[in-house]
Amino acid sequence: MHIAKSHKTALNSRLLVLDEALSEFERWARGQTADAVFYEERDNLTPKQRQALLSEIAQLRVLLREMQETLGLKREQQNARQAIVSRCAHLWELLIELEPRYLRHYGPVPPELVEYMAPRAAELQRRVEAIGRQIGGPGKRAGEQ
């Protein structure tokens, strides 16, 4: 089937998001969870739910493969390095908003919070930028190719 490049791009990007979500669901169905500082993923799926989820994911992937072949959609390659560098650039921008001057948007900032947050916000930014530099290569800031 011949479809316009703009339609292919739109379909590809949306189906890619679905495919990424299916990978995350599959990870959970296989009992893999995250345990981080500000959140934890609880494994509360029953064995029956796991099996049903894995079965549905498999069926969805059959449909996705058929659509990919029929519509001539491409398979994206996501490189860990590029994903990490890109995420670091985004996180760095997000972390700037932890600086006291940005916290003022939410009301008056107590002096003790300013004193506490200013160095920590700067350290978080430096460390995330360092990850991006280490992965991105020497002399590169997070987000640079």
# chains A, B, ... in the order shown; residues from 1 in each chain; ligands from 1
call {"tool": "residues_around", "arguments": {"residues": "Ala122 (chain A)", "least_positions_apart": "4", "cutoff": "9 Å", "atoms": "only C-alpha atoms", "output": "PyMOL selection string"}}
result
chain A and resi 95-96+98-99+117-118+126-127
call {"tool": "write_last_selection", "arguments": {"atoms": "C-alpha atoms", "output": "mmCIF file, in the first residue's frame"}}
result
data_model
loop_
_atom_site.group_PDB
_atom_site.id
_atom_site.type_symbol
_atom_site.label_atom_id
_atom_site.label_comp_id
_atom_site.auth_asym_id
_atom_site.auth_seq_id
_atom_site.Cartn_x
_atom_site.Cartn_y
_atom_site.Cartn_z
ATOM 1 C CA LEU A 95 16.301 20.694 37.512
ATOM 2 C CA ILE A 96 16.862 24.406 36.935
ATOM 3 C CA LEU A 98 14.539 23.639 41.673
ATOM 4 C CA GLU A 99 16.573 26.817 42.057
ATOM 5 C CA MET A 117 18.091 24.223 47.936
ATOM 6 C CA ALA A 118 20.558 26.508 46.131
ATOM 7 C CA ARG A 126 26.193 19.414 37.652
ATOM 8 C CA ARG A 127 25.864 15.684 38.204
#
call {"tool": "select_by_dssp", "arguments": {"residues": "region 48-99 of chain A", "states": "helix (DSSP H, G or I)", "output": "VMD selection string"}}
result
chain A and resid 48 to 71 80 to 96
call {"tool": "write_last_selection", "arguments": {"atoms": "N, CA and C atoms", "output": "short mmCIF file (atom, residue, chain, number, x, y, z; two decimals), in the first residue's frame"}}
result
data_model
loop_
_atom_site.label_atom_id
_atom_site.label_comp_id
_atom_site.auth_asym_id
_atom_site.auth_seq_id
_atom_site.Cartn_x
_atom_site.Cartn_y
_atom_site.Cartn_z
N LYS A 48 -2.34 -15.12 36.97
CA LYS A 48 -3.33 -15.12 35.89
C LYS A 48 -3.26 -13.81 35.10
N GLN A 49 -3.11 -12.69 35.80
CA GLN A 49 -3.00 -11.40 35.12
C GLN A 49 -1.72 -11.32 34.29
N ARG A 50 -0.63 -11.86 34.82
CA ARG A 50 0.63 -11.87 34.07
C ARG A 50 0.48 -12.61 32.75
N GLN A 51 -0.11 -13.78 32.84
CA GLN A 51 -0.27 -14.61 31.64
C GLN A 51 -1.18 -13.92 30.64
N ALA A 52 -2.28 -13.34 31.11
CA ALA A 52 -3.21 -12.63 30.22
C ALA A 52 -2.52 -11.43 29.57
N LEU A 53 -1.74 -10.71 30.34
CA LEU A 53 -1.03 -9.54 29.84
C LEU A 53 -0.02 -9.94 28.77
N LEU A 54 0.77 -10.97 29.04
CA LEU A 54 1.76 -11.42 28.07
C LEU A 54 1.10 -11.91 26.80
N SER A 55 -0.03 -12.59 26.93
CA SER A 55 -0.77 -13.07 25.77
C SER A 55 -1.29 -11.90 24.92
N GLU A 56 -1.84 -10.91 25.58
CA GLU A 56 -2.38 -9.75 24.86
C GLU A 56 -1.25 -8.96 24.18
N ILE A 57 -0.13 -8.83 24.86
CA ILE A 57 1.03 -8.14 24.27
C ILE A 57 1.49 -8.88 23.02
N ALA A 58 1.56 -10.19 23.09
CA ALA A 58 1.98 -10.99 21.93
C ALA A 58 1.03 -10.77 20.76
N GLN A 59 -0.27 -10.76 21.04
CA GLN A 59 -1.25 -10.55 19.97
C GLN A 59 -1.14 -9.14 19.38
N LEU A 60 -0.93 -8.16 20.24
CA LEU A 60 -0.74 -6.79 19.76
C LEU A 60 0.49 -6.68 18.88
N ARG A 61 1.55 -7.36 19.24
CA ARG A 61 2.78 -7.30 18.45
C ARG A 61 2.61 -7.97 17.09
N VAL A 62 1.81 -9.01 17.02
CA VAL A 62 1.50 -9.61 15.72
C VAL A 62 0.82 -8.57 14.83
N LEU A 63 -0.16 -7.87 15.38
CA LEU A 63 -0.86 -6.83 14.63
C LEU A 63 0.09 -5.70 14.24
N LEU A 64 0.95 -5.29 15.16
CA LEU A 64 1.91 -4.23 14.86
C LEU A 64 2.87 -4.63 13.74
N ARG A 65 3.35 -5.87 13.76
CA ARG A 65 4.25 -6.35 12.70
C ARG A 65 3.53 -6.35 11.35
N GLU A 66 2.28 -6.81 11.36
CA GLU A 66 1.51 -6.83 10.12
C GLU A 66 1.33 -5.41 9.59
N MET A 67 1.02 -4.47 10.46
CA MET A 67 0.86 -3.07 10.04
C MET A 67 2.18 -2.51 9.52
N GLN A 68 3.26 -2.84 10.20
CA GLN A 68 4.58 -2.36 9.79
C GLN A 68 4.91 -2.83 8.37
N GLU A 69 4.67 -4.10 8.10
CA GLU A 69 4.96 -4.66 6.77
C GLU A 69 4.03 -4.09 5.72
N THR A 70 2.74 -4.08 5.99
CA THR A 70 1.75 -3.61 5.01
C THR A 70 1.93 -2.14 4.67
N LEU A 71 2.20 -1.32 5.68
CA LEU A 71 2.28 0.13 5.47
C LEU A 71 3.71 0.62 5.19
N ALA A 80 21.23 3.52 23.42
CA ALA A 80 21.27 3.91 24.83
C ALA A 80 21.99 5.24 25.01
N ARG A 81 23.12 5.41 24.32
CA ARG A 81 23.91 6.63 24.47
C ARG A 81 23.08 7.86 24.12
N GLN A 82 22.44 7.83 22.97
CA GLN A 82 21.65 8.98 22.54
C GLN A 82 20.46 9.21 23.47
N ALA A 83 19.84 8.14 23.92
CA ALA A 83 18.70 8.28 24.82
C ALA A 83 19.12 8.90 26.15
N ILE A 84 20.27 8.48 26.67
CA ILE A 84 20.76 9.02 27.94
C ILE A 84 21.12 10.50 27.79
N VAL A 85 21.84 10.83 26.74
CA VAL A 85 22.24 12.22 26.52
C VAL A 85 21.00 13.11 26.35
N SER A 86 20.04 12.64 25.60
CA SER A 86 18.82 13.40 25.38
C SER A 86 18.05 13.58 26.69
N ARG A 87 17.93 12.52 27.45
CA ARG A 87 17.21 12.59 28.73
C ARG A 87 17.93 13.52 29.69
N CYS A 88 19.26 13.50 29.69
CA CYS A 88 20.02 14.39 30.57
C CYS A 88 19.76 15.86 30.22
N ALA A 89 19.70 16.17 28.94
CA ALA A 89 19.43 17.54 28.52
C ALA A 89 18.05 17.98 29.03
N HIS A 90 17.08 17.10 28.92
CA HIS A 90 15.74 17.41 29.39
C HIS A 90 15.72 17.54 30.91
N LEU A 91 16.38 16.64 31.59
CA LEU A 91 16.41 16.68 33.06
C LEU A 91 17.11 17.94 33.56
N TRP A 92 18.18 18.33 32.89
CA TRP A 92 18.92 19.52 33.31
C TRP A 92 17.99 20.73 33.30
N GLU A 93 17.19 20.85 32.24
CA GLU A 93 16.23 21.96 32.15
C GLU A 93 15.20 21.87 33.29
N LEU A 94 14.75 20.69 33.58
CA LEU A 94 13.79 20.48 34.65
C LEU A 94 14.38 20.83 36.02
N LEU A 95 15.64 20.47 36.22
CA LEU A 95 16.30 20.69 37.51
C LEU A 95 16.57 22.16 37.78
N ILE A 96 16.68 22.96 36.75
CA ILE A 96 16.86 24.41 36.93
C ILE A 96 15.70 24.96 37.76
#
call {"tool": "closest_residue", "arguments": {"among": "A:Ala29, A:Ala21, A:Phe38, A:Leu15", "to": "Lys74 (chain A)", "atoms": "only C-alpha atoms"}}
result
A:Leu15
call {"tool": "atom_distance", "arguments": {"atom1": "CA of Leu18 (chain A)", "atom2": "CA of Asn44 (chain A)"}}
result
22.3 Å
call {"tool": "residues_around", "arguments": {"residues": "Gly31 (chain A)", "least_positions_apart": "4", "cutoff": "9 Å", "atoms": "only C-alpha atoms", "output": "JSON, numbers by chain"}}
result
{"A": [26, 27, 43, 45, 50]}
call {"tool": "atom_distance", "arguments": {"atom1": "CA of Asp19 (chain A)", "atom2": "CA of Asn79 (chain A)"}}
result
15.9 Å
call {"tool": "residues_around", "arguments": {"residues": "Lys8 (chain A)", "least_positions_apart": "3", "cutoff": "9 Å", "atoms": "only C-alpha atoms", "output": "number ranges by chain"}}
result
A: 3-5, 11-13, 71-74
call {"tool": "atom_distance", "arguments": {"atom1": "CA of Trp28 (chain A)", "atom2": "CA of Glu76 (chain A)"}}
result
22.7 Å
